[in-house]
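Data block for final_14.cif (mmCIF, C-alpha atoms):
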data_start
#
loop_
_atom_site.label_atom_id
_atom_site.label_comp_id
_atom_site.auth_asym_id
_atom_site.auth_seq_id
_atom_site.Cartn_x
_atom_site.Cartn_y
_atom_site.Cartn_z
CA MET A 739 -23.73 -22.45 134.15
CA LEU A 740 -24.33 -19.50 131.88
CA THR A 741 -21.90 -18.78 129.09
CA GLU A 742 -19.49 -16.42 130.75
CA ASN A 743 -19.70 -13.05 129.05
CA VAL A 744 -20.90 -9.63 130.10
CA SER A 745 -24.39 -9.88 128.65
CA ASP A 746 -25.01 -13.17 130.46
CA PHE A 747 -23.79 -11.86 133.83
CA SER A 748 -25.72 -8.60 133.55
CA ARG A 749 -28.87 -10.39 132.51
CA LEU A 750 -28.51 -12.91 135.32
CA ARG A 751 -28.06 -10.14 137.91
CA ALA A 752 -31.13 -8.38 136.55
CA ARG A 753 -33.18 -11.54 137.00
CA THR A 754 -32.32 -11.61 140.71
CA GLY A 755 -33.83 -8.13 141.10
CA LEU A 756 -30.65 -6.87 142.79
CA SER A 757 -28.80 -3.65 142.05
CA ILE A 758 -25.00 -3.72 141.94
CA ASP A 759 -24.85 -2.18 145.44
CA GLN A 760 -27.25 -4.82 146.75
CA LEU A 761 -25.18 -7.52 145.07
CA VAL A 762 -22.03 -6.20 146.76
CA GLU A 763 -23.77 -6.36 150.14
CA THR A 764 -25.27 -9.79 149.51
CA THR A 765 -22.24 -11.61 148.09
CA GLY A 766 -19.30 -9.90 149.74
CA PHE A 767 -17.52 -9.35 146.42
CA SER A 768 -16.13 -5.85 145.96
CA ARG A 769 -17.90 -3.24 143.85
CA ARG A 770 -14.83 -3.01 141.58
CA THR A 771 -14.88 -6.79 140.99
CA ILE A 772 -18.57 -6.83 140.14
CA TYR A 773 -18.20 -3.86 137.80
CA ARG A 774 -15.41 -5.71 136.00
CA TRP A 775 -17.74 -8.68 135.52
CA GLU A 776 -20.51 -6.38 134.33
CA ASN A 777 -18.22 -4.64 131.83
CA GLY A 778 -16.63 -7.82 130.54
CA GLU A 779 -13.19 -6.95 131.86
CA ALA A 780 -12.93 -10.22 133.79
CA GLU A 781 -14.55 -13.62 133.78
CA PRO A 782 -17.11 -13.96 136.59
CA ARG A 783 -16.28 -16.36 139.38
CA LYS A 784 -18.09 -19.69 139.10
CA ALA A 785 -19.29 -19.43 142.71
CA ALA A 786 -20.81 -16.01 142.03
CA VAL A 787 -22.63 -17.25 138.93
CA GLN A 788 -23.99 -20.27 140.78
CA LEU A 789 -25.20 -18.05 143.63
CA LEU A 790 -26.95 -15.69 141.23
CA GLU A 791 -28.55 -18.59 139.38
CA LYS A 792 -29.99 -19.86 142.65
CA MET A 793 -31.19 -16.38 143.63
CA ALA A 794 -32.74 -15.87 140.20
CA ALA A 795 -34.61 -19.15 140.49
CA GLU A 796 -36.01 -18.07 143.86
CA HIS A 797 -37.00 -14.65 142.52
CA ARG A 798 -40.41 -15.57 141.16
CA PRO A 799 -41.67 -12.72 138.97
CA GLU A 800 -45.34 -13.47 139.69
CA SER A 801 -44.64 -12.48 143.30
CA TYR A 802 -43.14 -9.15 142.29
CA GLY A 803 -45.65 -7.82 139.77
CA GLU A 804 -46.05 -8.67 136.13
CA PRO A 805 -44.04 -11.56 134.63
CA ASP A 806 -41.50 -10.84 131.92
CA PHE A 807 -43.35 -13.18 129.56
CA THR A 808 -46.04 -15.87 129.65
CA PHE A 809 -45.93 -19.42 128.37
CA ILE A 810 -48.06 -22.55 128.05
CA ASP A 811 -46.84 -26.07 128.81
CA LEU A 812 -48.27 -28.74 126.47
CA PHE A 813 -47.72 -32.50 126.82
CA ALA A 814 -46.13 -31.27 130.01
CA GLY A 815 -45.14 -34.58 131.62
CA ILE A 816 -43.52 -33.60 134.92
CA GLY A 817 -42.64 -30.09 133.81
CA GLY A 818 -39.09 -30.39 132.52
CA LEU A 819 -39.47 -27.70 129.84
CA ARG A 820 -41.01 -25.14 132.18
CA ARG A 821 -38.18 -25.50 134.71
CA ALA A 822 -35.91 -23.67 132.28
CA PHE A 823 -38.21 -20.72 131.60
CA SER A 824 -39.71 -19.87 134.99
CA PRO A 825 -36.32 -18.72 136.36
CA LEU A 826 -35.98 -16.38 133.36
CA GLY A 827 -39.05 -14.47 134.50
CA GLY A 828 -41.72 -16.49 132.71
CA LYS A 829 -45.11 -17.40 134.09
CA CYS A 830 -46.95 -20.57 133.09
CA VAL A 831 -50.58 -19.70 132.31
CA PHE A 832 -51.84 -23.04 130.97
CA THR A 833 -50.79 -26.68 131.38
CA SER A 834 -51.97 -29.80 129.54
CA GLU A 835 -50.97 -33.34 130.50
CA TRP A 836 -53.24 -36.35 129.99
CA ASP A 837 -51.57 -38.91 132.28
CA LYS A 838 -53.09 -38.80 135.77
CA TYR A 839 -49.89 -39.93 137.50
CA SER A 840 -47.80 -37.30 135.75
CA GLN A 841 -50.42 -34.75 136.80
CA GLN A 842 -49.86 -35.79 140.42
CA THR A 843 -46.13 -35.19 140.17
CA TYR A 844 -46.62 -31.93 138.27
CA LYS A 845 -49.07 -30.53 140.82
CA ALA A 846 -46.82 -31.55 143.70
CA ASN A 847 -43.88 -29.54 142.32
CA TYR A 848 -45.42 -26.40 140.78
CA ASP A 849 -47.64 -23.87 142.52
CA ASP A 850 -49.79 -22.46 139.71
CA ASP A 851 -53.00 -20.47 139.75
CA HIS A 852 -54.53 -22.70 137.06
CA GLU A 853 -55.60 -26.33 136.89
CA VAL A 854 -53.76 -28.97 134.89
CA THR A 855 -55.90 -29.74 131.84
CA GLY A 856 -56.10 -33.29 130.55
CA ASP A 857 -56.60 -34.19 126.89
CA ILE A 858 -55.49 -31.23 124.75
CA THR A 859 -57.53 -32.50 121.81
CA LYS A 860 -60.70 -31.67 123.75
CA VAL A 861 -59.73 -28.11 124.73
CA PRO A 862 -61.32 -25.32 122.63
CA LEU A 863 -58.69 -22.97 121.19
CA ASN A 864 -60.34 -19.94 122.77
CA ALA A 865 -60.11 -21.59 126.21
CA ILE A 866 -56.31 -21.42 126.07
CA PRO A 867 -54.98 -18.07 127.37
CA ASP A 868 -52.91 -15.75 125.19
CA HIS A 869 -49.21 -16.42 125.66
CA ASP A 870 -45.80 -15.29 124.43
CA LEU A 871 -44.17 -18.72 124.28
CA LEU A 872 -45.47 -22.21 123.54
CA LEU A 873 -43.63 -25.22 125.00
CA ALA A 874 -44.43 -28.75 123.85
CA GLY A 875 -42.82 -32.18 123.96
CA PHE A 876 -45.38 -33.74 121.63
CA PRO A 877 -45.44 -37.47 120.76
CA CYS A 878 -44.08 -38.53 117.37
CA GLN A 879 -46.71 -39.91 114.98
CA PRO A 880 -46.71 -40.64 111.21
CA PHE A 881 -48.67 -38.26 108.99
CA SER A 882 -50.67 -38.75 105.84
CA ILE A 883 -48.82 -37.23 102.87
CA ALA A 884 -50.82 -36.67 99.70
CA GLY A 885 -50.65 -34.37 96.72
CA VAL A 886 -52.07 -30.88 97.13
CA SER A 887 -53.39 -30.84 93.56
CA LYS A 888 -55.41 -34.00 94.16
CA LYS A 889 -56.90 -32.53 97.32
CA ASN A 890 -57.78 -29.33 95.50
CA ALA A 891 -59.54 -31.36 92.80
CA LEU A 892 -61.54 -33.15 95.45
CA GLY A 893 -62.36 -29.91 97.23
CA ARG A 894 -60.51 -31.04 100.36
CA LYS A 895 -58.35 -29.01 102.70
CA HIS A 896 -54.65 -29.46 102.26
CA GLY A 897 -51.62 -28.59 104.32
CA PHE A 898 -51.51 -29.48 107.99
CA HIS A 899 -55.32 -29.27 108.33
CA ASP A 900 -55.43 -32.50 106.34
CA GLU A 901 -51.96 -34.04 106.60
CA ALA A 902 -51.59 -33.70 110.35
CA GLN A 903 -55.24 -34.30 111.24
CA GLY A 904 -55.50 -36.93 113.95
CA THR A 905 -51.94 -36.41 115.20
CA LEU A 906 -51.03 -34.48 118.32
CA PHE A 907 -48.78 -32.16 116.33
CA PHE A 908 -52.00 -31.00 114.63
CA ASN A 909 -53.18 -29.60 117.96
CA VAL A 910 -49.89 -27.76 118.47
CA ALA A 911 -50.17 -26.28 114.96
CA GLN A 912 -53.77 -25.22 115.59
CA ILE A 913 -52.78 -23.40 118.76
CA LEU A 914 -49.91 -21.67 116.96
CA GLU A 915 -52.24 -20.67 114.13
CA TYR A 916 -54.92 -19.32 116.46
CA HIS A 917 -52.85 -17.62 119.18
CA ARG A 918 -49.76 -16.62 117.18
CA PRO A 919 -47.32 -16.67 120.14
CA ARG A 920 -44.05 -14.84 119.61
CA ALA A 921 -41.99 -18.01 119.96
CA PHE A 922 -42.12 -21.74 120.57
CA LEU A 923 -39.87 -24.57 121.71
CA LEU A 924 -40.69 -28.12 120.68
CA GLU A 925 -38.78 -31.19 121.86
CA ASN A 926 -38.79 -34.72 120.51
CA VAL A 927 -36.68 -37.84 120.03
CA LYS A 928 -33.62 -37.66 117.80
CA ASN A 929 -35.13 -39.81 115.05
CA LEU A 930 -38.03 -37.42 114.48
CA VAL A 931 -36.08 -36.25 111.43
CA SER A 932 -35.99 -39.77 109.96
CA HIS A 933 -39.35 -40.96 111.30
CA ASP A 934 -41.60 -42.49 108.62
CA LYS A 935 -38.78 -42.05 106.05
CA GLY A 936 -38.58 -38.32 106.75
CA ARG A 937 -42.23 -37.62 105.93
CA THR A 938 -43.17 -36.74 109.50
CA PHE A 939 -40.54 -34.03 109.81
CA GLU A 940 -41.31 -32.80 106.30
CA VAL A 941 -44.88 -31.99 107.34
CA ILE A 942 -43.80 -30.48 110.65
CA HIS A 943 -41.19 -28.20 109.10
CA ARG A 944 -43.39 -27.12 106.20
CA THR A 945 -46.30 -26.45 108.53
CA LEU A 946 -44.24 -24.28 110.88
CA THR A 947 -42.47 -22.31 108.16
CA GLU A 948 -44.53 -22.11 104.97
CA GLU A 949 -48.01 -22.35 106.44
CA LEU A 950 -47.65 -20.68 109.83
CA GLY A 951 -44.85 -18.30 108.87
CA TYR A 952 -42.41 -18.94 111.71
CA GLN A 953 -38.64 -18.69 111.46
CA VAL A 954 -37.57 -22.19 112.48
CA HIS A 955 -34.28 -23.68 113.68
CA TYR A 956 -33.56 -27.16 115.02
CA LYS A 957 -30.66 -29.02 116.57
CA VAL A 958 -30.03 -32.48 118.01
CA ILE A 959 -28.29 -32.10 121.38
CA ASP A 960 -26.69 -34.82 123.51
CA ALA A 961 -27.30 -34.41 127.25
CA LYS A 962 -23.95 -35.90 128.26
CA SER A 963 -22.38 -32.45 128.23
CA TRP A 964 -24.47 -31.66 131.32
CA VAL A 965 -25.44 -34.98 132.94
CA PRO A 966 -23.84 -38.47 132.96
CA GLN A 967 -26.26 -39.81 130.35
CA HIS A 968 -26.03 -40.27 126.60
CA ARG A 969 -29.41 -38.89 125.54
CA GLU A 970 -29.93 -37.22 122.16
CA ARG A 971 -33.04 -35.12 121.59
CA ILE A 972 -34.09 -32.67 118.89
CA PHE A 973 -35.04 -29.13 119.89
CA ILE A 974 -37.06 -27.03 117.45
CA VAL A 975 -37.18 -23.28 118.06
CA GLY A 976 -39.42 -20.88 116.19
CA PHE A 977 -39.92 -17.11 116.25
CA ARG A 978 -42.88 -15.31 114.74
CA GLU A 979 -40.80 -12.34 113.62
CA LYS A 980 -37.49 -12.60 111.82
CA ASN A 981 -34.36 -12.23 113.96
CA ASP A 982 -30.76 -13.40 114.09
CA PHE A 983 -31.33 -16.48 116.25
CA THR A 984 -29.31 -19.54 115.24
CA PHE A 985 -28.17 -22.70 116.96
CA ASP A 986 -24.79 -22.37 115.24
CA ASN A 987 -23.34 -20.17 117.99
CA MET A 988 -24.86 -21.99 120.96
CA LYS A 989 -22.09 -22.89 123.40
CA ILE A 990 -22.18 -26.56 124.37
CA PRO A 991 -19.68 -27.86 126.95
CA ASN A 992 -17.22 -30.49 125.78
CA PRO A 993 -19.02 -33.81 126.40
CA SER A 994 -15.75 -35.56 127.20
CA ASN A 995 -15.50 -33.28 130.25
CA GLY A 996 -19.08 -33.92 131.32
CA PRO A 997 -20.03 -35.34 134.72
CA LYS A 998 -19.84 -39.04 135.50
CA LEU A 999 -22.37 -41.33 137.13
CA GLY A 1000 -20.77 -41.10 140.57
CA THR A 1001 -21.93 -37.48 140.85
CA ILE A 1002 -25.61 -38.46 141.00
CA LEU A 1003 -25.52 -41.66 143.06
CA HIS A 1004 -26.64 -41.82 146.67
CA GLY A 1005 -23.74 -40.80 148.88
CA SER A 1006 -22.27 -38.51 146.20
CA GLY A 1007 -22.80 -35.30 148.15
CA HIS A 1008 -26.42 -34.75 147.24
CA PRO A 1009 -28.70 -34.52 150.27
CA ASP A 1010 -30.27 -37.99 150.40
CA PHE A 1011 -33.92 -37.02 150.69
CA ASP A 1012 -36.44 -39.75 151.50
CA ASP A 1013 -33.61 -41.98 152.69
CA GLY A 1014 -36.18 -44.07 154.53
CA HIS A 1015 -37.61 -45.00 151.15
CA TYR A 1016 -34.42 -45.51 149.14
CA LEU A 1017 -31.71 -46.06 151.75
CA ASP A 1018 -31.32 -48.36 154.71
CA PRO A 1019 -31.15 -45.94 157.67
CA LYS A 1020 -28.76 -48.28 159.52
CA THR A 1021 -26.20 -48.89 156.77
CA GLY A 1022 -26.82 -45.87 154.52
CA ARG A 1023 -26.79 -48.28 151.60
CA VAL A 1024 -29.44 -48.42 148.89
CA ILE A 1025 -32.11 -50.84 150.09
CA ASP A 1026 -32.13 -54.38 148.74
CA LYS A 1027 -35.24 -54.10 146.60
CA TYR A 1028 -33.24 -52.17 143.96
CA THR A 1029 -30.65 -54.97 143.66
CA LEU A 1030 -31.43 -57.50 140.93
CA THR A 1031 -32.50 -60.94 142.04
CA ASP A 1032 -30.29 -63.88 141.08
CA HIS A 1033 -32.97 -65.02 138.65
CA LEU A 1034 -33.27 -61.66 136.84
CA TRP A 1035 -29.51 -61.10 136.73
CA ARG A 1036 -28.96 -64.58 135.29
CA TYR A 1037 -31.70 -64.01 132.71
CA LEU A 1038 -30.18 -60.69 131.56
CA GLN A 1039 -26.71 -62.24 131.25
CA ASN A 1040 -28.04 -65.19 129.25
CA TYR A 1041 -30.09 -62.85 127.03
CA ALA A 1042 -27.05 -60.69 126.33
CA GLU A 1043 -24.88 -63.71 125.58
CA LYS A 1044 -27.45 -65.12 123.15
CA HIS A 1045 -27.50 -61.88 121.17
CA ARG A 1046 -23.73 -61.51 121.35
CA ALA A 1047 -23.36 -64.94 119.79
CA ALA A 1048 -25.77 -63.91 117.03
CA GLY A 1049 -23.78 -60.75 116.34
CA ASN A 1050 -26.39 -58.41 117.77
CA GLY A 1051 -25.74 -55.51 120.10
CA PHE A 1052 -28.58 -56.15 122.51
CA GLY A 1053 -27.78 -56.47 126.19
CA PHE A 1054 -27.66 -54.74 129.51
CA GLY A 1055 -25.67 -51.61 130.31
CA LEU A 1056 -23.44 -52.15 133.35
CA VAL A 1057 -21.92 -48.92 134.67
CA GLY A 1058 -19.81 -47.67 137.52
CA PRO A 1059 -19.12 -44.26 139.11
CA ASP A 1060 -16.73 -43.19 136.33
CA ASP A 1061 -19.08 -44.00 133.47
CA VAL A 1062 -21.80 -42.29 131.44
CA THR A 1063 -25.06 -44.20 131.14
CA ARG A 1064 -27.19 -45.18 128.22
CA THR A 1065 -30.48 -43.36 127.67
CA LEU A 1066 -32.95 -43.76 130.50
CA SER A 1067 -36.21 -45.04 128.98
CA ALA A 1068 -39.83 -45.21 130.09
CA ARG A 1069 -39.50 -49.01 130.28
CA TYR A 1070 -36.79 -48.82 132.94
CA TYR A 1071 -39.24 -50.10 135.56
CA LYS A 1072 -39.37 -53.51 133.83
CA ASP A 1073 -35.84 -54.75 134.46
CA GLY A 1074 -33.57 -51.70 134.57
CA SER A 1075 -31.35 -53.34 131.96
CA GLU A 1076 -30.19 -50.17 130.17
CA ILE A 1077 -28.62 -48.76 133.34
CA LEU A 1078 -27.38 -51.27 135.92
CA VAL A 1079 -25.09 -49.96 138.67
CA LYS A 1080 -22.15 -52.14 139.70
CA GLN A 1081 -21.99 -53.20 143.35
CA PRO A 1082 -18.99 -54.90 144.95
CA ARG A 1083 -19.64 -58.57 145.77
CA ARG A 1084 -23.32 -58.20 144.89
CA ASN A 1085 -25.57 -58.32 141.85
CA PRO A 1086 -25.95 -54.93 140.15
CA ARG A 1087 -28.87 -52.69 141.03
CA ARG A 1088 -31.25 -50.28 139.37
CA LEU A 1089 -31.02 -46.56 139.92
CA THR A 1090 -33.50 -45.37 142.52
CA PRO A 1091 -36.13 -42.83 141.40
CA ARG A 1092 -34.20 -40.18 143.36
CA GLU A 1093 -31.09 -40.95 141.32
CA CYS A 1094 -33.19 -40.79 138.14
CA ALA A 1095 -34.33 -37.30 139.16
CA ARG A 1096 -30.66 -36.30 139.40
CA LEU A 1097 -29.71 -38.07 136.17
CA MET A 1098 -32.39 -36.01 134.37
CA GLY A 1099 -31.36 -32.78 136.10
CA PHE A 1100 -34.58 -32.30 138.07
CA GLU A 1101 -32.59 -32.22 141.26
CA LYS A 1102 -29.23 -30.57 141.81
CA PRO A 1103 -27.00 -30.11 144.88
CA GLY A 1104 -28.28 -27.21 146.94
CA ASP A 1105 -31.77 -27.31 145.44
CA LYS A 1106 -34.86 -28.35 147.31
CA PRO A 1107 -35.85 -31.96 146.59
CA PHE A 1108 -38.00 -32.80 143.60
CA ILE A 1109 -41.17 -34.28 145.04
CA ILE A 1110 -41.88 -37.85 143.87
CA PRO A 1111 -45.43 -38.62 145.05
CA VAL A 1112 -46.01 -41.70 142.86
CA SER A 1113 -44.92 -45.34 142.86
CA ASP A 1114 -41.48 -46.37 141.63
CA THR A 1115 -43.04 -47.77 138.45
CA GLN A 1116 -44.72 -44.48 137.61
CA ALA A 1117 -41.64 -42.46 138.61
CA TYR A 1118 -39.43 -44.48 136.27
CA ARG A 1119 -41.91 -43.93 133.43
CA GLN A 1120 -42.07 -40.22 134.12
CA PHE A 1121 -38.32 -39.63 134.27
CA GLY A 1122 -37.78 -41.87 131.24
CA ASN A 1123 -40.21 -39.73 129.24
CA ALA A 1124 -38.87 -36.40 130.52
CA VAL A 1125 -36.42 -33.87 129.12
CA VAL A 1126 -32.99 -33.32 130.67
CA VAL A 1127 -33.48 -30.04 132.49
CA PRO A 1128 -29.93 -28.58 132.13
CA VAL A 1129 -30.12 -29.08 128.36
CA VAL A 1130 -33.39 -27.13 128.19
CA GLU A 1131 -31.88 -24.48 130.46
CA ALA A 1132 -29.03 -24.05 127.98
CA VAL A 1133 -31.48 -23.74 125.07
CA ALA A 1134 -33.63 -21.31 127.07
CA ARG A 1135 -30.66 -19.08 127.85
CA HIS A 1136 -29.73 -19.12 124.18
CA MET A 1137 -33.28 -18.09 123.26
CA GLU A 1138 -33.63 -15.54 126.05
CA PRO A 1139 -32.36 -12.31 124.42
CA PHE A 1140 -34.44 -12.96 121.29
CA LEU A 1141 -37.52 -13.84 123.32
CA ARG A 1142 -37.18 -10.71 125.43
CA ALA A 1143 -36.72 -8.57 122.32
CA ALA A 1144 -39.81 -10.12 120.73
CA VAL A 1145 -41.92 -9.51 123.84
CA ALA A 1146 -40.65 -5.93 124.18
CA GLU A 1147 -41.43 -5.24 120.53
CA GLY A 1148 -44.94 -6.57 121.05
CA GLU A 1149 -45.47 -4.25 124.01
CA THR A 1150 -44.63 -1.18 121.93
CA GLY A 1151 -46.77 -2.18 118.99
CA GLY A 1152 -48.01 -5.17 117.10
CA GLY A 1153 -49.38 -7.47 119.79
CA GLN A 1154 -51.18 -10.75 119.23
CA GLN A 1155 -52.29 -11.48 115.70
CA ARG A 1156 -54.89 -14.15 116.36
CA ILE A 1157 -56.27 -15.91 113.34
CA ALA A 1158 -59.91 -16.94 113.38
CA VAL A 1159 -60.49 -20.63 112.69
#

Serialized structure, structure tokens:
Amino acid sequence: MLTENVSDFSRLRARTGLSIDQLVETTGFSRRTIYRWENGEAEPRKAAVQLLEKMAAEHRPESYGEPDFTFIDLFAGIGGLRRAFSPLGGKCVFTSEWDKYSQQTYKANYDDDHEVTGDITKVPLNAIPDHDLLLAGFPCQPFSIAGVSKKNALGRKHGFHDEAQGTLFFNVAQILEYHRPRAFLLENVKNLVSHDKGRTFEVIHRTLTEELGYQVHYKVIDAKSWVPQHRERIFIVGFREKNDFTFDNMKIPNPSNGPKLGTILHGSGHPDFDDGHYLDPKTGRVIDKYTLTDHLWRYLQNYAEKHRAAGNGFGFGLVGPDDVTRTLSARYYKDGSEILVKQPRRNPRRLTPRECARLMGFEKPGDKPFIIPVSDTQAYRQFGNAVVVPVVEAVARHMEPFLRAAVAEGETGGGQQRIAV
């Protein structure tokens, strides 16, 4: 849900394309009530905000003329980052994802007028369209750190052209250098800051600020404020022009009041799509293949006990409807040990891929189903590697006024400042 103040409500209404009179007719709320919400005299009703959010998501700008802004989706996975920006009026003009199975899921869920490109390292910079916003969940790799003076003496390039060469961040930096988008959002694991004893983040931050000239902010955010999963990720936001953006005033719901696992399980009130695949149509219960065999359950218990005796913290994560899970990982398909769901009088079970879609926020009550066209193994990998959509939505809403201002400023003067390379 949007932070509840007048600017949020007004902006949300504008994204639906409805006037106040049309909103009165559509929702049944009185004109006086809606004006009070618009003017900040009263807090908007939660039901009204949820309705507008749904209408805004269905109001696709590309169907109604020019988009409000354009973006590219790099290391796209199954499109978690883009799901937060399309409803704000953005249009995706370029997608890169190397994994063929992730491409299948991406293409099944997004109707774009461009192909999904594979290996970004093989794409010429001038083949990527101009864009206002760059989105990327790039992999974390160590960089080569060496003294600038030594490189100068040897006549070698320094900065990211040398330090980041061979890493996938290098390709992101090249695109930023060449296309000069107005803003970017990068996402990575929490320990990016400490990776390779801090050297990795040192190069990233210096490249984005000192060498590329962006105003950069970053914050580690835990998803359990929005979904029943403890999942910490770093979000790095940059703007080409200076503004007042900061993460310090971003409103994050109290995690202790966040949802619990029972809200995303089959039978929780979500429409149980594909119940022939995940549920027994006779009993309505999750089919047996997701329940651990006696052998695997015994192995996991013995493994956990061995490490407990040695004073280690390794072991499975057994959870019930009132709990918050550990972080869903890409290895979940192997044994499901980080998130095992209790079952009365039975061995615990894995989450189904449909429940993983909900745990990651790709599917919400009232939404159309997220299409899962791949095997369970590939689906688990994809969701384990994805971003939590409601977290990105919160970051996107926080960025929105600054992004819109940057795009509007570019339309009245300035424009792209591409650098030849």

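The interatomic distance for the pair CA of Asp1061 in chain A and CA of Lys998 in chain A works out to 5.4 Å.
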
Selection: 9 Å around range 973-988 of chain A, all atoms listed in the file, excl. self and same-chain fewer than 4 positions, as a PyMOL selection string: chain A and resi 918-928+946-947+950-959+1130+1132-1133+1136-1137+1140-1141+1144

Pick from A:Arg820, A:Arg1083, A:Arg1092, A:Lys1020, whichever lies nearest to Asn847 in chain A using all atoms listed in the file: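 Among the listed residues, the smallest separation from Asn847 in chain A belongs to A:Arg820.
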
CA of Asp849 in chain A to CA of Phe1108 in chain A, distance in Å rounded to a single decimal: 13.2 Å

Can you report as JSON the centre and edge lengths in Å, to one decimal, of an axis-aligned box around the listed atoms of range 1075-1085 of chain A padded with 8 Å on each side?
{"center_x": -25.2, "center_y": -53.7, "center_z": 138.0, "size_x": 28.4, "size_y": 25.8, "size_z": 31.6}

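The residues returned by the PyMOL selection byres ((chain A and resi 960) around 6) on the shown structure are Ile959, Ala961, Lys962, Arg969 and Glu970 of chain A.
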
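Between CA of Ile1077 in chain A and CA of Phe1052 in chain A there is a distance of 13.1 Å.
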
Point (-51.6, -28.4, 116.9) neighbourhood (12 Å, all atoms listed in the file) written as a PyMOL selection string: chain A and resi 812-813+858-863+872-877+898-918+924+942+945-946+950

Residue nearest Tyr839 in chain A among A:Asn1123, A:Ser963, A:Gln1116, A:Gln788 (counting all atoms listed in the file): A:Gln1116

Output of the PyMOL selection byres ((chain A and resi 1058) around 8), listed as a ChimeraX atom specification: /A:999-1000,1056-1057,1059-1061,1079-1080

Closest of A:Leu750, A:Ala1047, A:Leu1066, A:Ile1025 to Glu776 in chain A - atom-to-atom distances counting all atoms listed in the file: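 That would be A:Leu750, the residue with the smallest distance to Glu776 in chain A.
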
Incomplete range 770-781 of chain A filled out to N, CA and C atoms as a tab-separated table (two decimals), keeping the file's coordinate frame:
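Once written, selection01.tsv looks like this:
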chain	number	residue	atom	x	y	z
A	770	ARG	N	-15.74	-3.05	142.74
A	770	ARG	CA	-14.83	-3.01	141.58
A	770	ARG	C	-14.87	-4.35	140.85
A	771	THR	N	-14.86	-5.46	141.61
A	771	THR	CA	-14.88	-6.79	140.99
A	771	THR	C	-16.16	-7.00	140.20
A	772	ILE	N	-17.28	-6.62	140.81
A	772	ILE	CA	-18.57	-6.83	140.14
A	772	ILE	C	-18.69	-5.95	138.90
A	773	TYR	N	-18.19	-4.71	138.98
A	773	TYR	CA	-18.20	-3.86	137.80
A	773	TYR	C	-17.36	-4.44	136.67
A	774	ARG	N	-16.26	-5.07	137.02
A	774	ARG	CA	-15.41	-5.71	136.00
A	774	ARG	C	-16.16	-6.85	135.32
A	775	TRP	N	-16.93	-7.61	136.10
A	775	TRP	CA	-17.74	-8.68	135.52
A	775	TRP	C	-18.83	-8.10	134.63
A	776	GLU	N	-19.44	-7.02	135.10
A	776	GLU	CA	-20.51	-6.38	134.33
A	776	GLU	C	-19.99	-5.83	133.00
A	777	ASN	N	-18.79	-5.28	133.03
A	777	ASN	CA	-18.22	-4.64	131.83
A	777	ASN	C	-17.44	-5.60	130.95
A	778	GLY	N	-17.34	-6.85	131.35
A	778	GLY	CA	-16.63	-7.82	130.54
A	778	GLY	C	-15.13	-7.74	130.65
A	779	GLU	N	-14.63	-7.08	131.69
A	779	GLU	CA	-13.19	-6.95	131.86
A	779	GLU	C	-12.58	-8.19	132.51
A	780	ALA	N	-13.41	-9.00	133.13
A	780	ALA	CA	-12.93	-10.22	133.79
A	780	ALA	C	-14.02	-11.26	133.74
A	781	GLU	N	-13.59	-12.52	133.79
A	781	GLU	CA	-14.55	-13.62	133.78
A	781	GLU	C	-15.16	-13.77	135.17
